[in-house]
Every structure is written in C-alpha cells, then in structure tokens.
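Trainee: Next up, target18.txt (compact mmCIF, C-alpha atoms).
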```
# COMPACT_ATOMS: atom_id res chain seq x y z
CA MET A 257 0.00 0.00 0.00
CA ALA A 258 1.30 3.43 -0.95
CA ARG A 259 2.32 5.68 1.94
CA ASN A 260 2.54 9.46 1.76
CA LEU A 261 5.13 11.68 3.33
CA ASP A 262 3.93 14.68 5.31
CA LEU A 263 5.28 17.78 3.55
CA THR A 264 4.72 19.89 6.64
CA ALA A 265 6.94 17.55 8.64
CA LEU A 266 9.50 17.54 5.83
CA ARG A 267 9.60 21.35 5.93
CA SER A 268 10.25 21.22 9.67
CA PHE A 269 12.97 18.63 9.14
CA VAL A 270 14.74 20.80 6.56
CA ALA A 271 14.37 23.85 8.80
CA ILE A 272 16.00 22.05 11.74
CA ALA A 273 18.85 20.77 9.58
CA ASP A 274 19.54 24.27 8.23
CA ALA A 275 19.04 26.13 11.50
CA GLY A 276 20.99 23.63 13.61
CA GLY A 277 18.33 23.30 16.27
CA VAL A 278 14.63 22.91 16.97
CA THR A 279 14.19 26.23 18.78
CA ARG A 280 15.56 28.38 15.97
CA ALA A 281 13.70 26.37 13.34
CA ALA A 282 10.46 26.80 15.28
CA GLY A 283 11.00 30.57 15.21
CA PHE A 284 11.38 30.59 11.44
CA LEU A 285 8.30 28.38 11.03
CA ASN A 286 6.14 30.42 13.44
CA LEU A 287 5.43 27.22 15.37
CA THR A 288 6.03 26.14 18.94
CA GLN A 289 9.07 24.03 19.69
CA SER A 290 6.87 21.16 20.86
CA ALA A 291 4.86 21.21 17.62
CA VAL A 292 8.01 20.96 15.52
CA SER A 293 9.42 18.17 17.69
CA MET A 294 6.16 16.23 17.38
CA GLN A 295 6.21 16.54 13.60
CA ILE A 296 9.74 15.15 13.46
CA ARG A 297 8.87 12.26 15.76
CA ARG A 298 5.91 11.33 13.55
CA LEU A 299 8.07 11.53 10.45
CA GLU A 300 10.73 9.31 12.00
CA ASP A 301 8.11 6.82 13.17
CA SER A 302 6.57 6.63 9.70
CA LEU A 303 9.97 6.00 8.10
CA GLY A 304 11.25 3.74 10.83
CA VAL A 305 14.60 5.56 11.10
CA GLU A 306 16.11 8.37 13.16
CA LEU A 307 16.66 11.45 11.03
CA LEU A 308 18.31 13.70 13.62
CA ASP A 309 21.21 13.18 15.98
CA ARG A 310 20.19 14.89 19.21
CA SER A 311 23.22 13.83 21.27
CA ALA A 312 25.32 16.95 20.57
CA ARG A 313 24.63 20.59 21.43
CA LYS A 314 23.81 21.32 17.79
CA VAL A 315 21.20 19.03 16.29
CA ALA A 316 22.43 17.48 13.03
CA PRO A 317 21.09 14.95 10.51
CA THR A 318 22.04 11.30 10.94
CA ALA A 319 23.38 9.37 7.95
CA ALA A 320 19.80 8.45 7.06
CA GLY A 321 18.79 12.06 7.66
CA GLU A 322 21.39 13.40 5.25
CA HIS A 323 20.09 11.03 2.58
CA MET A 324 16.52 12.12 3.34
CA LEU A 325 17.48 15.80 3.31
CA SER A 326 18.33 15.74 -0.38
CA TYR A 327 14.94 14.26 -1.27
CA ALA A 328 13.11 16.59 1.11
CA ARG A 329 14.60 19.71 -0.46
CA ARG A 330 13.59 18.57 -3.94
CA MET A 331 10.08 17.65 -2.86
CA LEU A 332 9.52 20.99 -1.14
CA ALA A 333 10.97 22.93 -4.05
CA LEU A 334 8.65 21.15 -6.46
CA ASN A 335 5.69 21.70 -4.14
CA ASP A 336 6.43 25.43 -3.90
CA GLU A 337 7.02 25.71 -7.63
CA VAL A 338 3.63 24.17 -8.41
CA TYR A 339 1.86 26.58 -6.08
CA GLY A 340 3.75 29.50 -7.53
CA LEU A 341 3.01 28.44 -11.10
CA LEU A 342 -0.71 28.02 -10.60
CA ASN A 343 -1.47 31.04 -8.45
CA ARG A 344 0.81 33.17 -6.34
CA ALA A 345 -2.15 34.48 -4.41
CA GLN A 346 -2.51 31.06 -2.79
CA TYR A 347 0.55 31.71 -0.62
CA GLU A 348 -0.57 32.61 2.86
CA GLY A 349 1.18 33.32 6.12
CA GLU A 350 3.41 35.91 7.69
CA LEU A 351 6.98 37.02 7.05
CA THR A 352 9.05 39.19 9.36
CA LEU A 353 11.40 41.77 7.86
CA GLY A 354 13.80 43.73 10.06
CA VAL A 355 15.22 47.07 8.91
CA PRO A 356 17.14 49.77 10.82
CA HIS A 357 14.85 52.75 11.35
CA ASP A 358 17.20 55.19 9.60
CA ILE A 359 17.08 53.36 6.24
CA VAL A 360 13.40 52.41 6.12
CA TYR A 361 12.90 55.30 3.71
CA PRO A 362 12.88 55.53 0.78
CA ALA A 363 13.37 51.90 -0.30
CA ILE A 364 11.26 49.77 2.02
CA PRO A 365 7.77 51.29 1.48
CA GLN A 366 7.94 50.67 -2.27
CA VAL A 367 9.20 47.12 -1.62
CA LEU A 368 6.27 46.40 0.71
CA GLN A 369 3.77 47.89 -1.72
CA ARG A 370 5.02 45.76 -4.61
CA PHE A 371 5.17 42.62 -2.49
CA ALA A 372 1.61 43.12 -1.22
CA ALA A 373 0.38 43.32 -4.81
CA ASP A 374 2.10 40.04 -5.75
CA PHE A 375 1.40 38.12 -2.52
CA PRO A 376 -1.82 39.62 -1.14
CA LYS A 377 -2.34 36.81 1.39
CA VAL A 378 1.12 37.05 2.89
CA LYS A 379 1.44 39.55 5.73
CA VAL A 380 4.81 41.25 6.17
CA ARG A 381 5.58 42.25 9.74
CA LEU A 382 8.11 45.09 9.67
CA LEU A 383 10.49 45.41 12.62
CA SER A 384 12.43 48.64 12.88
CA SER A 385 15.37 48.64 15.26
CA PHE A 386 19.13 48.89 15.49
CA THR A 387 21.37 46.59 13.48
CA ARG A 388 22.76 44.89 16.61
CA ILE A 389 19.27 44.04 17.85
CA LEU A 390 18.06 42.87 14.44
CA LYS A 391 21.02 40.50 14.10
CA GLU A 392 20.25 39.04 17.51
CA GLN A 393 16.61 38.53 16.54
CA PHE A 394 17.64 36.98 13.23
CA ALA A 395 19.96 34.56 15.04
CA ARG A 396 17.05 33.47 17.22
CA GLY A 397 14.87 32.82 14.16
CA GLU A 398 12.55 35.76 14.83
CA CYS A 399 13.07 37.35 11.39
CA ASN A 400 12.92 35.83 7.92
CA LEU A 401 15.01 38.62 6.45
CA ILE A 402 16.93 41.58 7.84
CA VAL A 403 18.61 44.56 6.25
CA THR A 404 21.59 45.91 8.20
CA THR A 405 24.07 48.78 8.16
CA GLU A 406 27.59 47.56 8.95
CA ASP A 407 31.24 48.14 8.08
CA SER A 408 31.56 44.50 6.96
CA VAL A 409 29.32 41.54 6.13
CA ASP A 410 29.01 38.30 8.08
CA ALA A 411 28.85 34.82 6.60
CA GLY A 412 25.50 34.20 4.98
CA GLY A 413 24.91 37.86 4.17
CA GLU A 414 25.21 39.82 0.94
CA THR A 415 26.11 43.46 0.44
CA LEU A 416 23.46 45.37 -1.49
CA THR A 417 25.35 48.66 -1.70
CA ASP A 418 27.75 50.81 0.25
CA LEU A 419 27.16 54.46 1.09
CA PRO A 420 29.18 57.18 2.80
CA LEU A 421 28.26 58.53 6.21
CA ILE A 422 27.63 62.25 6.10
CA TRP A 423 27.35 65.00 8.70
CA VAL A 424 23.89 66.50 9.19
CA GLY A 425 22.64 69.44 11.20
CA ALA A 426 19.88 72.03 11.32
CA PRO A 427 19.18 73.93 8.08
CA GLY A 428 21.57 76.87 8.14
CA GLY A 429 22.75 75.75 11.56
CA GLN A 430 26.01 76.61 13.30
CA ALA A 431 26.36 73.81 15.85
CA TRP A 432 29.03 72.14 13.68
CA ARG A 433 31.32 75.14 14.29
CA GLN A 434 31.31 74.68 18.09
CA ARG A 435 34.20 73.14 19.99
CA PRO A 436 33.83 70.78 21.61
CA LEU A 437 31.57 69.54 18.83
CA PRO A 438 28.13 68.59 20.26
CA LEU A 439 27.04 65.16 19.06
CA ALA A 440 23.61 63.54 19.26
CA TYR A 441 23.28 59.75 19.02
CA GLU A 442 21.06 56.88 20.02
CA GLN A 443 22.67 54.66 22.63
CA ARG A 444 22.85 51.63 20.34
CA CYS A 445 23.74 53.43 17.12
CA ILE A 446 26.34 51.38 15.26
CA PHE A 447 27.89 54.52 13.73
CA ARG A 448 28.78 56.51 16.84
CA GLN A 449 32.01 54.77 17.91
CA GLY A 450 33.55 55.01 14.46
CA VAL A 451 32.58 58.67 14.16
CA GLN A 452 34.09 59.48 17.53
CA GLU A 453 37.31 57.72 16.53
CA ARG A 454 37.48 59.80 13.33
CA LEU A 455 37.05 62.98 15.35
CA ASP A 456 39.79 61.94 17.79
CA ALA A 457 42.15 61.14 14.90
CA ALA A 458 41.46 64.56 13.37
CA GLY A 459 42.05 66.35 16.68
CA VAL A 460 38.48 67.63 16.88
CA ARG A 461 37.23 67.84 20.46
CA TRP A 462 33.68 66.57 20.93
CA VAL A 463 31.05 66.09 23.61
CA LEU A 464 28.03 63.79 23.61
CA ALA A 465 25.26 66.33 23.96
CA VAL A 466 22.49 63.76 23.52
CA ASP A 467 22.75 60.09 24.47
CA SER A 468 19.22 58.79 24.00
CA ASP A 469 17.36 55.60 23.19
CA ASN A 470 14.84 57.62 21.17
CA THR A 471 15.41 58.55 17.53
CA ARG A 472 12.95 61.43 17.71
CA THR A 473 14.92 62.99 20.55
CA VAL A 474 18.05 62.96 18.42
CA GLU A 475 16.25 64.43 15.40
CA ALA A 476 14.62 67.18 17.48
CA THR A 477 17.94 68.15 19.08
CA VAL A 478 19.74 68.29 15.74
CA SER A 479 16.96 70.22 13.99
CA ALA A 480 17.06 72.73 16.88
CA ASP A 481 20.76 73.33 16.07
CA LEU A 482 21.88 72.02 19.45
CA ALA A 483 24.01 69.17 18.08
CA VAL A 484 25.09 67.39 14.91
CA HIS A 485 24.54 63.82 13.78
CA THR A 486 25.61 61.40 11.04
CA VAL A 487 23.47 59.39 8.63
CA LEU A 488 23.97 57.42 5.46
CA GLU A 489 23.87 59.55 2.34
CA GLY A 490 20.35 59.64 0.95
CA SER A 491 18.64 58.84 4.25
CA GLU A 492 18.63 62.33 5.74
CA PRO A 493 15.49 62.84 7.87
CA ARG A 494 13.28 65.85 7.37
CA HIS A 495 14.16 69.09 9.15
CA VAL A 496 17.92 68.53 8.85
CA GLU A 497 20.40 68.99 6.02
CA ARG A 498 23.85 67.91 5.00
CA ILE A 499 26.57 70.07 6.54
CA ASN A 500 28.88 71.78 4.09
CA HIS A 501 31.74 72.08 6.54
CA GLY A 502 34.53 72.72 4.02
CA GLY A 503 36.90 70.28 5.70
CA ALA A 504 36.33 71.49 9.25
CA LEU A 505 35.00 68.04 10.11
CA PRO A 506 36.64 64.77 9.11
CA ASP A 507 35.42 62.65 6.24
CA LEU A 508 33.58 59.58 7.44
CA ALA A 509 33.64 55.90 6.52
CA ARG A 510 31.53 54.16 3.93
CA MET A 511 29.06 51.67 5.37
CA LYS A 512 27.59 48.56 3.81
CA ILE A 513 23.90 47.88 3.55
CA ASN A 514 23.59 44.10 3.88
CA LEU A 515 20.81 41.61 3.42
CA TYR A 516 20.46 38.39 5.43
CA ALA A 517 17.81 35.86 4.45
CA ALA A 518 17.11 32.86 6.65
CA SER A 519 18.22 29.67 4.93
CA ALA A 520 16.21 27.48 7.27
CA VAL A 521 12.84 28.27 5.69
CA ARG A 522 12.82 29.32 2.06
CA SER A 523 9.80 29.84 -0.14
CA PRO A 524 8.94 31.78 -3.28
CA ALA A 525 7.48 34.49 -1.03
CA VAL A 526 10.71 34.89 0.96
CA ASP A 527 12.81 34.82 -2.21
CA ALA A 528 10.51 37.33 -3.91
CA LEU A 529 10.80 39.75 -0.99
CA ALA A 530 14.59 39.40 -1.06
CA ARG A 531 14.62 40.08 -4.79
CA LEU A 532 12.50 43.22 -4.41
CA ILE A 533 14.87 44.51 -1.73
CA ARG A 534 17.84 43.89 -4.04
CA GLN A 535 16.11 45.76 -6.85
CA ALA A 536 15.36 48.73 -4.60
CA TYR A 537 18.96 49.12 -3.43
CA ALA A 538 20.30 48.58 -6.93
CA GLY A 539 18.27 51.58 -8.05
CA LYS A 540 16.12 49.44 -10.33
CA PRO A 541 12.34 49.69 -10.66
CA VAL A 542 10.74 47.50 -8.02
CA LYS A 543 8.74 44.92 -9.94
CA ALA A 544 7.95 41.22 -9.80
CA ASP A 545 9.37 38.65 -12.16
CA ARG A 546 6.25 36.70 -13.03
CA ALA A 547 8.01 34.62 -15.65
CA GLU A 548 9.88 32.72 -12.96
CA PRO A 549 7.51 31.38 -10.29
CA ALA A 550 10.15 29.56 -8.24
CA LEU A 551 12.30 32.57 -7.43
CA GLN A 552 15.90 31.97 -6.51
CA SER A 553 17.98 34.27 -4.35
```
Translate this file's structure into structure tokens.
Mentor:
Amino acid sequence: MARNLDLTALRSFVAIADAGGVTRAAGFLNLTQSAVSMQIRRLEDSLGVELLDRSARKVAPTAAGEHMLSYARRMLALNDEVYGLLNRAQYEGELTLGVPHDIVYPAIPQVLQRFAADFPKVKVRLLSSFTRILKEQFARGECNLIVTTEDSVDAGGETLTDLPLIWVGAPGGQAWRQRPLPLAYEQRCIFRQGVQERLDAAGVRWVLAVDSDNTRTVEATVSADLAVHTVLEGSEPRHVERINHGGALPDLARMKINLYAASAVRSPAVDALARLIRQAYAGKPVKADRAEPALQS
C-alpha cells in the first residue's frame, strides 16, 4: 500500500537541519518548539529511522537524515514551484522583515507595496530597530530577512550597496562650528564609535550632547541646532540637512547595507521579498518577475 510523506513535517525537518536546532527552526516556522518536535517524531516513526542526531549541542542529521534531506529539499521545491506556477495568491502566512529605522525610507515602502500586490495573502511584519538588535533577533529565528548597516558583512549575508556617512545638522545651523563639537546619538547606534574615533584622529574635540534611546529625541535636538549627527547619504530625515563644513569636520567611513535571508525556511514568497529589496537598493524599478515562479535568491 502506498504511503505518503507529510510535507509539513518535511519542511520542519529541513528547517532544523539548516538552523541547527529545533528552537531556531520553530522561530522561522512560526510554530512552537513542541509542535516541531512532534512533527519530526511522527516523520521518524513513519519511516522507521532516526533522522536527527540529538546527542550533541547542535542538532544534526544522521546518515539516514542526510540522505533524506536531499529528497526533502527537492520535494519541497517542487511543491512550492507548483503553487507559484498556478497562483501566487494562494501563498498565505506571515513574514518578518527587520530594517534599521534610519534606512526604512525611501526603499522599504515601495518594496512592501510591490510585495503586497504580488502576494496579497502574505502579511509582512516590519520590525524597525538597530542593526545589533536585528542581528540578535535573526539569530534566534525571529526574522525571515533583515537589512543591516555595517562596516563588513558576516557569513551568509550579501552586500546590497555601500554608502558614505555624512554629517547632518539644522538647516543653516552653526552647531558644527562649536568646539567641543556637540554630538547627538542613540545609545545603540552602530555609527557613533567610528565617528568618535574619526574625530579623535582629526584632533576635533567633541562632547556627547544627547545620548538617547529615542530617535525622535536625536532628530529634534539636531533640527534645533543644538548638536550634529551622522546618517547614510540619501537617508537624511526631514528638518535637517547635509553640513557643508569645508573640511572642518573629518570625512567619514563608507558603510555597507547588507541583506540576510534565513536559509532554514525558504519559499517563493521569501525569495521574492529578497529580490524586491535587491532591486530597490540597486536603483532598479521595483517589480515582480512573473516569468519565474520559483524565485531563486
């Protein structure tokens, strides 16, 4: 008698193998850890073999599991391709995208708008936070994709573009002329240490006038001409402008905008969202590629 494999359990199995553990895989799948464990147990019982070696700290496939993994990937890819070919609107669920608050505009709104048109039944939950926090959430399986601002790129990430940091202040402001130079930064801003080191190397005395956990506080202080700040070129918030300091302030580093997509759970929806993000940061029109239903990243 023919027996059928449970594709849901196979997806959990692949997620565990890629994530290296049940907890992280459960985060990517939006399931509880116990639900994922139960699926794997049922799959192992139906096959009569152990697929995962649970004896080490990091869960890994057994010899039988490695053999099964190859088949599972192909079966899931074919399943997703069929759904994508027949009707993209059939994809349902929720994806979580993390983006630092200072680069949400202008790229991300157009990405979300295009994605919603192509996958109307998939909800995108947007998290806006600091790069350090987003990478921690991604490591725990709480985000499907994250965009980061960093001076390098970690394994598994890809650099979308690199942009220079620029000095910004109040329109027509004079705070940049003061010494010590008043700076305004969020407490977890990834830029602040590098900027302070550049100022020290240039012999420019500075003082941290604002050390806040609130972005609005920083923007209000800068727009009031009480301090200066740094942002990536092209992401200047309203009510501030680029400072034309004529060399009075040091040039700043270029920073990478990176994309990390979870390998544990891949689907045409995840790959499509990644592709739209790439298009946006490449300066290309944000549009779907309907000729290729099984999108690859």
Trainee: Which stretch 280-332 of chain A residues have any atom within 9 Å of an atom of stretch 513-531 of chain A, and for each, what is the nearest pair of atoms with distance in Å to one decimal, counting all atoms listed in the file, rows sorted by chain and number, as JSON lines?
Mentor:
```
{"residue": "A:Arg280", "atom": "CA", "partner": "A:Ala520", "partner_atom": "CA", "distance": 8.8}
{"residue": "A:Ala281", "atom": "CA", "partner": "A:Ala520", "partner_atom": "CA", "distance": 6.7}
{"residue": "A:Phe284", "atom": "CA", "partner": "A:Val521", "partner_atom": "CA", "distance": 6.4}
{"residue": "A:Leu285", "atom": "CA", "partner": "A:Val521", "partner_atom": "CA", "distance": 7.0}
{"residue": "A:Leu332", "atom": "CA", "partner": "A:Ser523", "partner_atom": "CA", "distance": 8.9}
```
Trainee: Using all atoms listed in the file - which residues lie no farther than 9 Å from the point (4.6, 33.6, 6.4) in the file's frame? Write them as a list in words.
Mentor: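 Those residues lying close to the given coordinates are Phe284, Leu285, Asn286, Tyr347, Glu348, Gly349, Glu350, Leu351, Thr352, Val378, Lys379, Val380, Asn400, Ala525 and Val526 of chain A.
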Trainee: Record the distance separating atom CA of A:Glu306 and atom CA of A:Asn335, expressed in Å with one decimal.
Mentor: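 Atom CA of A:Glu306 sits 24.2 Å away from atom CA of A:Asn335.
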Trainee: For stretch 270-276 of chain A, work out the shell of residues within 10 Å, counting all atoms listed in the file and skipping chain neighbours fewer than 6 positions away, then give it as a PDB file with C-alpha atoms, in the frame of the given file.
Mentor:
```pdb
ATOM      1  CA  ALA A 282      10.460  26.800  15.280  1.00  0.00           C
ATOM      2  CA  GLY A 283      11.000  30.570  15.210  1.00  0.00           C
ATOM      3  CA  PHE A 284      11.380  30.590  11.440  1.00  0.00           C
ATOM      4  CA  LEU A 285       8.300  28.380  11.030  1.00  0.00           C
ATOM      5  CA  VAL A 292       8.010  20.960  15.520  1.00  0.00           C
ATOM      6  CA  SER A 293       9.420  18.170  17.690  1.00  0.00           C
ATOM      7  CA  ILE A 296       9.740  15.150  13.460  1.00  0.00           C
ATOM      8  CA  LEU A 307      16.660  11.450  11.030  1.00  0.00           C
ATOM      9  CA  LEU A 308      18.310  13.700  13.620  1.00  0.00           C
ATOM     10  CA  ARG A 313      24.630  20.590  21.430  1.00  0.00           C
ATOM     11  CA  LYS A 314      23.810  21.320  17.790  1.00  0.00           C
ATOM     12  CA  VAL A 315      21.200  19.030  16.290  1.00  0.00           C
ATOM     13  CA  ALA A 316      22.430  17.480  13.030  1.00  0.00           C
ATOM     14  CA  PRO A 317      21.090  14.950  10.510  1.00  0.00           C
ATOM     15  CA  GLY A 321      18.790  12.060   7.660  1.00  0.00           C
ATOM     16  CA  GLU A 322      21.390  13.400   5.250  1.00  0.00           C
ATOM     17  CA  MET A 324      16.520  12.120   3.340  1.00  0.00           C
ATOM     18  CA  LEU A 325      17.480  15.800   3.310  1.00  0.00           C
ATOM     19  CA  SER A 326      18.330  15.740  -0.380  1.00  0.00           C
ATOM     20  CA  ALA A 328      13.110  16.590   1.110  1.00  0.00           C
ATOM     21  CA  ARG A 329      14.600  19.710  -0.460  1.00  0.00           C
ATOM     22  CA  LEU A 332       9.520  20.990  -1.140  1.00  0.00           C
ATOM     23  CA  ALA A 395      19.960  34.560  15.040  1.00  0.00           C
ATOM     24  CA  ARG A 396      17.050  33.470  17.220  1.00  0.00           C
ATOM     25  CA  GLY A 397      14.870  32.820  14.160  1.00  0.00           C
ATOM     26  CA  ALA A 518      17.110  32.860   6.650  1.00  0.00           C
ATOM     27  CA  SER A 519      18.220  29.670   4.930  1.00  0.00           C
ATOM     28  CA  ALA A 520      16.210  27.480   7.270  1.00  0.00           C
ATOM     29  CA  VAL A 521      12.840  28.270   5.690  1.00  0.00           C
ATOM     30  CA  ARG A 522      12.820  29.320   2.060  1.00  0.00           C
TER      31      ARG A 522
END
```
Trainee: Can you measure atom CA of A:Arg310 to atom CA of A:Met294 for me? One decimal in Å is fine.
Mentor: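 Computing it gives 14.2 Å between the two atoms.
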Trainee: Point out the residue among A:Glu337, A:Ser268, A:Val305, A:Ser385 with the least atom-to-atom distance to A:Leu287, counting all atoms listed in the file.
Mentor: A:Ser268
Trainee: So which one's closest to A:Gly450, A:Ala476, A:Met511, A:Leu299, A:Val278? Using only C-alpha atoms, please.
Mentor: A:Met511
Trainee: Please provide the set of residues having any atom within 10 Å of stretch 433-443 of chain A, restricted to all atoms listed in the file, with same-chain residues fewer than 4 positions apart removed, written as a PyMOL selection string.
Mentor: chain A and resi 386+425+429+447-448+451-452+455+460-478+481-486+501+504-505
Trainee: Ranking A:Pro376, A:Ser491, A:Leu421, A:Ala457 by minimum distance to A:Pro356 and counting all atoms listed in the file, which one comes first?
Mentor: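 Of the candidates, the smallest distance to A:Pro356 is held by A:Ser491.
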Trainee: So how many Å separate atom CA of A:Ala363 and atom CA of A:Leu416, to one decimal?
Mentor: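 A separation of 12.1 Å between them.
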Trainee: Could you please fill out stretch 407-439 of chain A with N, CA and C atoms and send it back as a PDB file, keeping the file's coordinate frame?
Mentor:
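As written to disk, result30.pdb reads:
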```pdb
ATOM      1  N   ASP A 407      29.996  47.853   8.794  1.00  0.00           N
ATOM      2  CA  ASP A 407      31.240  48.140   8.080  1.00  0.00           C
ATOM      3  C   ASP A 407      31.803  46.905   7.396  1.00  0.00           C
ATOM      4  N   SER A 408      31.160  45.738   7.617  1.00  0.00           N
ATOM      5  CA  SER A 408      31.560  44.500   6.960  1.00  0.00           C
ATOM      6  C   SER A 408      30.305  43.650   6.798  1.00  0.00           C
ATOM      7  N   VAL A 409      30.463  42.435   6.279  1.00  0.00           N
ATOM      8  CA  VAL A 409      29.320  41.540   6.130  1.00  0.00           C
ATOM      9  C   VAL A 409      29.686  40.185   6.700  1.00  0.00           C
ATOM     10  N   ASP A 410      28.774  39.607   7.481  1.00  0.00           N
ATOM     11  CA  ASP A 410      29.010  38.300   8.080  1.00  0.00           C
ATOM     12  C   ASP A 410      28.703  37.192   7.087  1.00  0.00           C
ATOM     13  N   ALA A 411      29.140  35.992   7.428  1.00  0.00           N
ATOM     14  CA  ALA A 411      28.850  34.820   6.600  1.00  0.00           C
ATOM     15  C   ALA A 411      27.344  34.661   6.452  1.00  0.00           C
ATOM     16  N   GLY A 412      26.918  34.374   5.239  1.00  0.00           N
ATOM     17  CA  GLY A 412      25.500  34.200   4.980  1.00  0.00           C
ATOM     18  C   GLY A 412      24.802  35.469   4.534  1.00  0.00           C
ATOM     19  N   GLY A 413      25.495  36.598   4.595  1.00  0.00           N
ATOM     20  CA  GLY A 413      24.910  37.860   4.170  1.00  0.00           C
ATOM     21  C   GLY A 413      25.423  38.284   2.811  1.00  0.00           C
ATOM     22  N   GLU A 414      24.765  39.253   2.218  1.00  0.00           N
ATOM     23  CA  GLU A 414      25.210  39.820   0.940  1.00  0.00           C
ATOM     24  C   GLU A 414      25.119  41.332   1.017  1.00  0.00           C
ATOM     25  N   THR A 415      26.090  41.997   0.441  1.00  0.00           N
ATOM     26  CA  THR A 415      26.110  43.460   0.440  1.00  0.00           C
ATOM     27  C   THR A 415      25.305  43.977  -0.743  1.00  0.00           C
ATOM     28  N   LEU A 416      24.305  44.800  -0.456  1.00  0.00           N
ATOM     29  CA  LEU A 416      23.460  45.370  -1.490  1.00  0.00           C
ATOM     30  C   LEU A 416      24.078  46.623  -2.091  1.00  0.00           C
ATOM     31  N   THR A 417      24.687  47.433  -1.244  1.00  0.00           N
ATOM     32  CA  THR A 417      25.350  48.660  -1.700  1.00  0.00           C
ATOM     33  C   THR A 417      26.198  49.172  -0.554  1.00  0.00           C
ATOM     34  N   ASP A 418      27.036  50.130  -0.828  1.00  0.00           N
ATOM     35  CA  ASP A 418      27.750  50.810   0.250  1.00  0.00           C
ATOM     36  C   ASP A 418      27.641  52.307   0.035  1.00  0.00           C
ATOM     37  N   LEU A 419      27.429  53.022   1.134  1.00  0.00           N
ATOM     38  CA  LEU A 419      27.160  54.460   1.090  1.00  0.00           C
ATOM     39  C   LEU A 419      28.026  55.174   2.106  1.00  0.00           C
ATOM     40  N   PRO A 420      28.386  56.431   1.829  1.00  0.00           N
ATOM     41  CA  PRO A 420      29.180  57.180   2.800  1.00  0.00           C
ATOM     42  C   PRO A 420      28.310  57.728   3.932  1.00  0.00           C
ATOM     43  N   LEU A 421      28.881  57.784   5.118  1.00  0.00           N
ATOM     44  CA  LEU A 421      28.260  58.530   6.210  1.00  0.00           C
ATOM     45  C   LEU A 421      28.478  60.008   5.967  1.00  0.00           C
ATOM     46  N   ILE A 422      27.495  60.808   6.274  1.00  0.00           N
ATOM     47  CA  ILE A 422      27.630  62.250   6.100  1.00  0.00           C
ATOM     48  C   ILE A 422      27.210  62.958   7.386  1.00  0.00           C
ATOM     49  N   TRP A 423      27.730  64.161   7.566  1.00  0.00           N
ATOM     50  CA  TRP A 423      27.350  65.000   8.700  1.00  0.00           C
ATOM     51  C   TRP A 423      26.054  65.732   8.391  1.00  0.00           C
ATOM     52  N   VAL A 424      25.136  65.750   9.361  1.00  0.00           N
ATOM     53  CA  VAL A 424      23.890  66.500   9.190  1.00  0.00           C
ATOM     54  C   VAL A 424      23.658  67.382  10.407  1.00  0.00           C
ATOM     55  N   GLY A 425      22.977  68.502  10.138  1.00  0.00           N
ATOM     56  CA  GLY A 425      22.640  69.440  11.200  1.00  0.00           C
ATOM     57  C   GLY A 425      21.387  70.207  10.824  1.00  0.00           C
ATOM     58  N   ALA A 426      21.058  71.205  11.603  1.00  0.00           N
ATOM     59  CA  ALA A 426      19.880  72.030  11.320  1.00  0.00           C
ATOM     60  C   ALA A 426      20.104  72.831  10.048  1.00  0.00           C
ATOM     61  N   PRO A 427      19.045  73.084   9.278  1.00  0.00           N
ATOM     62  CA  PRO A 427      19.180  73.930   8.080  1.00  0.00           C
ATOM     63  C   PRO A 427      19.769  75.298   8.456  1.00  0.00           C
ATOM     64  N   GLY A 428      20.903  75.609   7.845  1.00  0.00           N
ATOM     65  CA  GLY A 428      21.570  76.870   8.140  1.00  0.00           C
ATOM     66  C   GLY A 428      22.170  76.924   9.529  1.00  0.00           C
ATOM     67  N   GLY A 429      22.288  75.784  10.178  1.00  0.00           N
ATOM     68  CA  GLY A 429      22.750  75.750  11.560  1.00  0.00           C
ATOM     69  C   GLY A 429      24.237  76.016  11.733  1.00  0.00           C
ATOM     70  N   GLN A 430      24.626  76.277  12.974  1.00  0.00           N
ATOM     71  CA  GLN A 430      26.010  76.610  13.300  1.00  0.00           C
ATOM     72  C   GLN A 430      26.605  75.668  14.356  1.00  0.00           C
ATOM     73  N   ALA A 431      25.865  74.686  14.784  1.00  0.00           N
ATOM     74  CA  ALA A 431      26.360  73.810  15.850  1.00  0.00           C
ATOM     75  C   ALA A 431      27.652  73.107  15.439  1.00  0.00           C
ATOM     76  N   TRP A 432      27.834  72.838  14.147  1.00  0.00           N
ATOM     77  CA  TRP A 432      29.030  72.140  13.680  1.00  0.00           C
ATOM     78  C   TRP A 432      30.305  72.965  13.879  1.00  0.00           C
ATOM     79  N   ARG A 433      30.165  74.272  14.083  1.00  0.00           N
ATOM     80  CA  ARG A 433      31.320  75.140  14.290  1.00  0.00           C
ATOM     81  C   ARG A 433      31.804  75.123  15.750  1.00  0.00           C
ATOM     82  N   GLN A 434      30.971  74.629  16.663  1.00  0.00           N
ATOM     83  CA  GLN A 434      31.310  74.680  18.090  1.00  0.00           C
ATOM     84  C   GLN A 434      32.409  73.679  18.438  1.00  0.00           C
ATOM     85  N   ARG A 435      33.209  74.050  19.436  1.00  0.00           N
ATOM     86  CA  ARG A 435      34.200  73.140  19.990  1.00  0.00           C
ATOM     87  C   ARG A 435      34.156  73.234  21.501  1.00  0.00           C
ATOM     88  N   PRO A 436      33.939  72.121  22.176  1.00  0.00           N
ATOM     89  CA  PRO A 436      33.830  70.780  21.610  1.00  0.00           C
ATOM     90  C   PRO A 436      32.566  70.616  20.760  1.00  0.00           C
ATOM     91  N   LEU A 437      32.675  69.768  19.765  1.00  0.00           N
ATOM     92  CA  LEU A 437      31.570  69.540  18.830  1.00  0.00           C
ATOM     93  C   LEU A 437      30.452  68.773  19.530  1.00  0.00           C
ATOM     94  N   PRO A 438      29.232  69.313  19.595  1.00  0.00           N
ATOM     95  CA  PRO A 438      28.130  68.590  20.260  1.00  0.00           C
ATOM     96  C   PRO A 438      27.556  67.509  19.339  1.00  0.00           C
ATOM     97  N   LEU A 439      27.558  66.288  19.822  1.00  0.00           N
ATOM     98  CA  LEU A 439      27.040  65.160  19.060  1.00  0.00           C
ATOM     99  C   LEU A 439      25.738  64.655  19.658  1.00  0.00           C
TER     100      LEU A 439
END
```
